>>> print(open('target_15.cif').read())   # mmCIF, C-alpha atoms and all ligand atoms
data_my_file
loop_
_atom_site.label_atom_id
_atom_site.label_comp_id
_atom_site.auth_asym_id
_atom_site.auth_seq_id
_atom_site.Cartn_x
_atom_site.Cartn_y
_atom_site.Cartn_z
CA MET A 1 -33.53 -3.76 34.13
CA THR A 2 -30.36 -3.39 36.14
CA SER A 3 -30.24 0.40 36.04
CA SER A 4 -31.47 2.64 38.82
CA VAL A 5 -31.98 5.44 36.27
CA GLN A 6 -35.67 6.14 35.59
CA LEU A 7 -37.03 4.30 32.55
CA ASN A 8 -36.88 6.55 29.51
CA ARG A 9 -38.71 5.10 26.53
CA ASP A 10 -37.50 8.00 24.41
CA ILE A 11 -34.22 6.11 24.15
CA VAL A 12 -34.42 2.81 22.31
CA VAL A 13 -31.17 1.15 21.27
CA ARG A 14 -30.47 -2.22 19.71
CA PHE A 15 -27.71 -4.75 19.48
CA ALA A 16 -28.14 -6.52 16.16
CA PRO A 17 -25.71 -9.39 15.57
CA SER A 18 -25.84 -11.70 12.55
CA PRO A 19 -25.76 -15.39 13.55
CA ASN A 20 -23.40 -16.44 10.79
CA GLY A 21 -20.43 -17.14 13.04
CA LEU A 22 -19.29 -16.93 16.64
CA LEU A 23 -19.09 -13.52 18.30
CA HIS A 24 -15.63 -12.18 19.11
CA LEU A 25 -14.23 -9.50 21.37
CA GLY A 26 -15.30 -6.75 18.94
CA HIS A 27 -18.90 -7.86 19.39
CA ALA A 28 -18.49 -7.86 23.18
CA TYR A 29 -17.27 -4.28 22.90
CA ALA A 30 -20.15 -3.28 20.58
CA ALA A 31 -22.73 -4.98 22.80
CA MET A 32 -21.27 -3.25 25.88
CA ILE A 33 -21.39 0.17 24.21
CA ALA A 34 -25.02 -0.30 23.07
CA HIS A 35 -26.01 -1.73 26.46
CA ASP A 36 -24.39 1.06 28.46
CA PHE A 37 -25.71 3.74 26.10
CA ALA A 38 -29.24 2.56 26.82
CA ARG A 39 -28.84 1.83 30.52
CA GLU A 40 -27.04 5.06 31.42
CA ARG A 41 -30.02 6.96 29.97
CA GLY A 42 -32.70 4.67 31.40
CA GLY A 43 -33.53 3.56 27.85
CA LEU A 44 -34.43 0.22 26.33
CA LEU A 45 -31.98 -2.17 24.74
CA LEU A 46 -33.44 -4.55 22.17
CA LEU A 47 -31.71 -7.65 20.86
CA ARG A 48 -32.33 -8.23 17.16
CA ILE A 49 -30.92 -11.32 15.52
CA GLU A 50 -30.21 -10.48 11.89
CA ASP A 51 -30.71 -13.92 10.41
CA ILE A 52 -31.84 -13.10 6.88
CA ASP A 53 -28.90 -14.79 5.22
CA SER A 54 -30.44 -18.26 5.25
CA ALA A 55 -27.35 -19.84 3.72
CA ARG A 56 -25.07 -18.67 6.54
CA ALA A 57 -27.30 -18.14 9.60
CA ARG A 58 -27.35 -21.14 11.93
CA PRO A 59 -29.37 -21.86 15.11
CA GLU A 60 -26.23 -22.84 17.02
CA PHE A 61 -24.81 -19.36 16.42
CA VAL A 62 -28.03 -17.85 17.82
CA GLU A 63 -27.65 -20.03 20.91
CA ALA A 64 -24.02 -18.95 21.24
CA ILE A 65 -24.97 -15.24 20.96
CA LEU A 66 -27.52 -15.57 23.77
CA ALA A 67 -25.07 -17.51 25.94
CA ASP A 68 -22.28 -14.98 25.25
CA LEU A 69 -24.45 -12.01 26.22
CA ARG A 70 -25.58 -13.71 29.42
CA TRP A 71 -21.97 -14.58 30.24
CA LEU A 72 -20.96 -10.95 29.65
CA GLY A 73 -23.77 -9.84 31.99
CA LEU A 74 -25.34 -7.66 29.29
CA ASP A 75 -29.12 -7.84 29.56
CA TRP A 76 -31.72 -6.72 27.03
CA ASP A 77 -35.41 -5.84 27.14
CA GLY A 78 -38.32 -7.85 25.79
CA GLU A 79 -38.35 -10.87 23.53
CA VAL A 80 -35.47 -11.52 21.16
CA ILE A 81 -36.41 -10.21 17.70
CA PHE A 82 -35.63 -12.34 14.63
CA GLN A 83 -35.45 -10.81 11.19
CA SER A 84 -36.48 -14.14 9.70
CA ASP A 85 -39.94 -13.53 11.23
CA ARG A 86 -40.30 -10.35 9.21
CA LEU A 87 -39.70 -11.45 5.64
CA GLU A 88 -43.15 -10.29 4.53
CA SER A 89 -42.53 -6.69 5.54
CA TYR A 90 -39.26 -6.69 3.60
CA ALA A 91 -41.02 -8.09 0.52
CA GLU A 92 -43.64 -5.32 0.73
CA ALA A 93 -40.96 -2.64 0.81
CA VAL A 94 -39.20 -4.26 -2.15
CA GLU A 95 -42.46 -4.06 -4.11
CA ARG A 96 -42.84 -0.39 -3.22
CA LEU A 97 -39.34 0.38 -4.45
CA LYS A 98 -40.02 -1.57 -7.64
CA ASP A 99 -43.32 0.27 -8.15
CA ILE A 100 -41.58 3.63 -8.08
CA GLY A 101 -39.08 2.34 -10.62
CA LEU A 102 -36.01 2.46 -8.41
CA LEU A 103 -34.91 -1.17 -8.58
CA TYR A 104 -33.42 -2.95 -11.57
CA ARG A 105 -32.44 -6.54 -12.22
CA CYS A 106 -28.73 -7.29 -12.22
CA PHE A 107 -27.43 -10.40 -13.96
CA CYS A 108 -23.76 -9.77 -13.27
CA THR A 109 -21.93 -12.74 -11.84
CA ARG A 110 -19.15 -12.72 -9.25
CA THR A 111 -16.69 -13.50 -12.03
CA SER A 112 -17.86 -10.69 -14.30
CA MET A 113 -17.71 -8.24 -11.41
CA ARG A 114 -14.24 -9.39 -10.41
CA ARG A 115 -13.11 -8.83 -14.01
CA ALA A 116 -14.69 -5.36 -13.99
CA GLN A 117 -12.87 -4.60 -10.77
CA GLU A 118 -9.56 -5.78 -12.21
CA SER A 119 -10.09 -3.64 -15.30
CA GLY A 120 -10.74 -0.61 -13.09
CA SER A 121 -14.39 -0.10 -14.06
CA GLN A 122 -15.51 -0.88 -10.50
CA PRO A 123 -13.50 1.48 -8.31
CA GLU A 124 -13.13 0.69 -4.64
CA GLY A 125 -15.66 2.50 -2.45
CA PRO A 126 -15.72 2.82 1.34
CA ASP A 127 -17.60 -0.45 1.54
CA GLY A 128 -16.08 -2.53 -1.27
CA PRO A 129 -16.14 -2.15 -5.07
CA ILE A 130 -18.73 0.26 -6.49
CA TYR A 131 -20.95 -1.47 -9.04
CA SER A 132 -20.22 -0.23 -12.55
CA GLY A 133 -23.88 -0.12 -13.57
CA THR A 134 -23.69 -2.70 -16.40
CA CYS A 135 -27.34 -3.78 -15.97
CA ARG A 136 -28.74 -0.37 -15.02
CA HIS A 137 -30.05 0.51 -18.44
CA LEU A 138 -30.96 -2.92 -19.76
CA ASP A 139 -34.07 -2.80 -21.92
CA ALA A 140 -37.07 -3.75 -19.74
CA ASP A 141 -38.23 -6.56 -22.08
CA ILE A 142 -34.75 -8.03 -22.38
CA SER A 143 -34.32 -7.84 -18.64
CA PHE A 144 -37.63 -9.62 -18.11
CA ASP A 145 -36.86 -12.33 -20.67
CA ARG A 146 -33.43 -12.99 -19.17
CA SER A 147 -34.95 -13.15 -15.68
CA GLN A 148 -36.94 -16.24 -16.71
CA ALA A 149 -33.77 -18.29 -17.00
CA GLU A 150 -30.94 -16.42 -15.31
CA PRO A 151 -30.38 -15.85 -11.60
CA HIS A 152 -30.42 -12.16 -10.80
CA SER A 153 -30.35 -9.70 -7.95
CA TRP A 154 -32.22 -6.38 -7.70
CA ARG A 155 -30.20 -3.22 -7.26
CA LEU A 156 -31.19 0.27 -6.19
CA ASP A 157 -30.64 2.98 -8.80
CA VAL A 158 -29.02 5.27 -6.25
CA ALA A 159 -28.61 8.36 -8.43
CA LYS A 160 -32.25 8.20 -9.52
CA ALA A 161 -33.41 7.61 -5.95
CA HIS A 162 -31.32 10.46 -4.58
CA ALA A 163 -32.60 12.80 -7.30
CA LEU A 164 -36.11 11.91 -6.16
CA THR A 165 -35.51 12.60 -2.47
CA GLY A 166 -33.25 15.63 -2.88
CA PRO A 167 -30.44 16.38 -0.40
CA LEU A 168 -30.51 14.46 2.88
CA GLU A 169 -28.65 14.71 6.14
CA TRP A 170 -28.17 12.60 9.24
CA LEU A 171 -26.60 13.12 12.62
CA ASP A 172 -23.83 11.01 14.05
CA LYS A 173 -23.17 11.87 17.69
CA ILE A 174 -19.50 10.94 17.28
CA HIS A 175 -18.71 12.11 13.76
CA GLY A 176 -21.09 15.09 13.61
CA GLN A 177 -23.74 16.19 11.12
CA GLN A 178 -23.46 14.34 7.77
CA VAL A 179 -24.67 15.14 4.29
CA ALA A 180 -25.87 11.86 2.78
CA CYS A 181 -23.67 10.69 -0.13
CA PRO A 182 -25.20 7.31 -1.03
CA GLU A 183 -23.50 7.50 -4.43
CA ASN A 184 -20.27 6.65 -2.60
CA LEU A 185 -21.56 3.11 -2.24
CA GLY A 186 -23.09 2.91 -5.71
CA ASP A 187 -26.12 0.85 -6.70
CA VAL A 188 -26.28 -1.50 -3.72
CA VAL A 189 -28.07 -4.84 -3.88
CA ILE A 190 -31.51 -4.74 -2.28
CA VAL A 191 -32.56 -8.30 -3.14
CA PRO A 192 -29.62 -10.70 -3.45
CA LYS A 193 -29.68 -13.57 -5.91
CA ASP A 194 -30.06 -16.21 -3.25
CA THR A 195 -31.97 -14.55 -0.40
CA SER A 196 -35.09 -12.40 -0.17
CA VAL A 197 -33.61 -9.17 1.18
CA ALA A 198 -30.24 -7.56 1.72
CA TYR A 199 -28.91 -6.08 4.94
CA HIS A 200 -29.40 -2.42 3.95
CA LEU A 201 -33.15 -2.68 3.47
CA ALA A 202 -33.84 -5.05 6.37
CA VAL A 203 -31.91 -2.97 8.90
CA THR A 204 -33.52 0.28 7.75
CA LEU A 205 -37.03 -1.14 8.00
CA ASP A 206 -36.37 -2.75 11.35
CA ASP A 207 -34.85 0.29 12.98
CA ALA A 208 -38.11 2.09 12.12
CA ARG A 209 -40.33 -0.82 13.15
CA ASP A 210 -38.51 -1.22 16.47
CA ALA A 211 -38.70 2.56 17.05
CA ILE A 212 -34.93 2.75 17.45
CA THR A 213 -34.01 6.29 18.49
CA HIS A 214 -30.24 5.74 18.57
CA ALA A 215 -28.52 3.34 16.18
CA VAL A 216 -25.42 2.52 18.21
CA ARG A 217 -23.03 0.38 16.14
CA GLY A 218 -19.47 0.04 14.92
CA ASP A 219 -17.63 2.37 12.58
CA ASP A 220 -17.55 -0.37 9.94
CA LEU A 221 -21.20 0.51 9.22
CA PHE A 222 -20.69 4.26 9.00
CA ALA A 223 -20.57 4.26 5.18
CA SER A 224 -23.73 2.14 4.96
CA THR A 225 -25.68 4.81 6.81
CA HIS A 226 -25.65 6.99 3.67
CA ILE A 227 -27.72 4.29 1.96
CA HIS A 228 -29.92 3.76 5.02
CA ARG A 229 -30.71 7.48 5.09
CA LEU A 230 -31.72 7.33 1.43
CA LEU A 231 -33.97 4.31 2.02
CA GLN A 232 -35.60 6.06 4.99
CA ALA A 233 -36.46 9.02 2.81
CA LEU A 234 -37.82 6.81 0.00
CA LEU A 235 -39.98 4.75 2.35
CA GLY A 236 -41.13 7.58 4.64
CA LEU A 237 -39.32 6.22 7.69
CA PRO A 238 -37.86 8.18 10.62
CA THR A 239 -34.11 8.69 10.93
CA PRO A 240 -32.52 7.63 14.22
CA THR A 241 -29.55 9.46 15.63
CA TYR A 242 -26.43 7.45 14.85
CA PHE A 243 -23.53 6.66 17.13
CA HIS A 244 -20.76 4.85 15.23
CA HIS A 245 -18.19 3.79 17.76
CA PRO A 246 -14.54 2.83 17.14
CA LEU A 247 -13.63 -0.80 16.46
CA LEU A 248 -11.16 -3.20 18.01
CA PHE A 249 -8.08 -4.10 16.00
CA ASP A 250 -5.59 -6.93 16.39
CA SER A 251 -1.82 -6.64 16.56
CA SER A 252 -1.53 -6.82 12.76
CA GLY A 253 -3.73 -3.72 12.48
CA ALA A 254 -6.72 -5.65 11.10
CA LYS A 255 -10.17 -5.21 12.55
CA LEU A 256 -11.40 -8.21 14.50
CA SER A 257 -13.73 -10.23 12.31
CA LYS A 258 -15.46 -13.57 12.05
CA SER A 259 -13.83 -14.19 8.70
CA ARG A 260 -10.35 -13.75 10.21
CA ASP A 261 -11.25 -16.23 12.94
CA SER A 262 -10.68 -13.72 15.71
CA ALA A 263 -10.82 -15.47 19.09
CA SER A 264 -14.44 -16.20 19.85
CA LEU A 265 -16.26 -15.32 23.04
CA SER A 266 -17.46 -18.92 23.20
CA VAL A 267 -13.89 -20.11 23.63
CA LEU A 268 -13.21 -17.53 26.37
CA ARG A 269 -16.50 -18.48 28.01
CA THR A 270 -15.78 -22.19 28.05
CA THR A 271 -12.25 -21.73 29.36
CA GLY A 272 -13.66 -20.32 32.56
CA GLN A 273 -12.86 -16.61 32.13
CA SER A 274 -15.18 -14.12 33.78
CA GLY A 275 -17.36 -12.37 31.21
CA TYR A 276 -18.30 -9.79 33.81
CA GLN A 277 -14.63 -8.91 34.37
CA LEU A 278 -14.03 -8.77 30.63
CA VAL A 279 -16.80 -6.19 30.23
CA GLN A 280 -15.51 -4.20 33.19
CA ASP A 281 -12.09 -4.11 31.51
CA LEU A 282 -13.57 -3.09 28.13
CA ARG A 283 -15.43 -0.27 29.89
CA ARG A 284 -12.15 0.98 31.34
CA GLY A 285 -10.37 0.70 27.99
CA ILE A 286 -8.29 -2.26 29.15
CA PHE A 287 -7.93 -4.69 26.26
CA PRO A 288 -6.26 -8.11 26.02
CA VAL A 289 -2.66 -8.14 24.80
CA GLY A 290 -2.41 -7.22 21.12
CA ILE A 291 -5.91 -5.70 20.92
CA SER A 292 -6.43 -1.97 20.58
CA LEU A 293 -9.20 0.49 19.78
CA SER A 294 -9.18 2.34 16.45
CA THR A 295 -8.84 6.06 16.80
CA ALA A 296 -10.46 6.96 13.45
N1 LIG B 1 -26.12 -7.36 11.69
C1 LIG B 1 -25.04 -6.45 11.46
C2 LIG B 1 -23.72 -7.11 11.80
O1 LIG B 1 -23.69 -8.10 12.51
C3 LIG B 1 -25.13 -5.18 12.27
C4 LIG B 1 -26.28 -4.36 11.89
C5 LIG B 1 -26.30 -2.96 12.49
O2 LIG B 1 -25.88 -2.78 13.63
O3 LIG B 1 -26.77 -2.07 11.82
O4 LIG B 1 -22.70 -6.63 11.33
#
>>> encode(input="target_15.cif", output="structure tokens", more="lines below")
Ligand code: GLU
Amino acid sequence: MTSSVQLNRDIVVRFAPSPNGLLHLGHAYAAMIAHDFARERGGLLLLRIEDIDSARARPEFVEAILADLRWLGLDWDGEVIFQSDRLESYAEAVERLKDIGLLYRCFCTRTSMRRAQESGSQPEGPDGPIYSGTCRHLDADISFDRSQAEPHSWRLDVAKAHALTGPLEWLDKIHGQQVACPENLGDVVIVPKDTSVAYHLAVTLDDARDAITHAVRGDDLFASTHIHRLLQALLGLPTPTYFHHPLLFDSSGAKLSKSRDSASLSVLRTTGQSGYQLVQDLRRGIFPVGISLSTA
């Protein structure tokens, strides 16, 4: 621990990158915010590698994440946590949700969903198109028979789940008290076709398992929190306090992202820049040319 503040185990924060690409400046900013949030309060900072997407997660990206964080001078507490070590606990939770009748099989393909989107039956939500519910009321026998031959995902019946829990709230220290509106995201996928668990369930279970008191993360995940709050209520899990911080944008006004090939930290690291200086600058709100912080 680098902090002189007394250790306060009532504050547990995590940085939770997915090793499906190289980290960029936006991740450095997010890691710095989570790190400083914990350290300024004498709390713990955990590092959780969210490597459940077996098709995209790669060991070399894990190595790069660890090297980037060390280069930035951002330390964490304890062993690195890997979601891939926790698949059993996700499977148990999936069974619980199935047992209470809240998950249904979805046979929709990317193509059929794209068509639905084009025809307007899948309106755009805050986090992408909202599923139209085509498979929600499939007859149970038909659904079972089809599942023997057809790839399928499992979706959460959000309206049914929310009716079961009743109204829910959560606190965001930046955006204020929130009334949970998981319907805004629609029936999210809980078990994807090709992997054993989706982000929403894994992150909700792990924040509880890791006793996270403050989920400090970027604004791009603000909308997802409505679903996480619902899953917490369904599974009897505690609700952390949320802190969704602004994101970094490039000169075209787009948020930095792996898919847009935003300049990676690895490149900066290997060209001899000082990671320590970079973090100092980010702390002071000094960003490289063309990069700015969202104000939303
Ligand atoms: N693994 C997620 C990502 O890299 C972040 C999860 C979270 O902070 O809740 O976008």
>>> residues_around(input="target_15.cif", residues="Gly133 in chain A", least_positions_apart="3", cutoff="9 Å", atoms="all atoms listed in the file", output="list in words")
Cys106, Gln122, Ile130, Arg136, His137, Asp157, Gly186 and Asp187 of chain A
>>> residues_near_ligand(input="target_15.cif", ligand="ligand LIG 1 (chain B)", cutoff="9 Å", atoms="only C-alpha atoms and all ligand atoms", output="number ranges by chain")
A: 14-20, 27, 48-51, 199-200, 203-204, 207, 215-218, 220-221, 224-225
>>> residues_around(input="target_15.cif", residues="Pro126 in chain A", least_positions_apart="5", cutoff="8 Å", atoms="all atoms listed in the file", output="PDB file with C-alpha atoms, in the frame of the given file")
ATOM      1  CA  ASN A 184     -20.270   6.650  -2.600  1.00  0.00           C
ATOM      2  CA  LEU A 185     -21.560   3.110  -2.240  1.00  0.00           C
ATOM      3  CA  ALA A 223     -20.570   4.260   5.180  1.00  0.00           C
TER       4      ALA A 223
END
>>> residues_around(input="target_15.cif", residues="His162 in chain A", least_positions_apart="3", cutoff="10 Å", atoms="all atoms listed in the file", output="PyMOL selection string")
chain A and resi 157-159+165-168+180-183+227+230-231+233-234
>>> atom_distance(input="target_15.cif", atom1="CA of Ser153 in chain A", atom2="CA of Lys98 in chain A")
12.6 Å
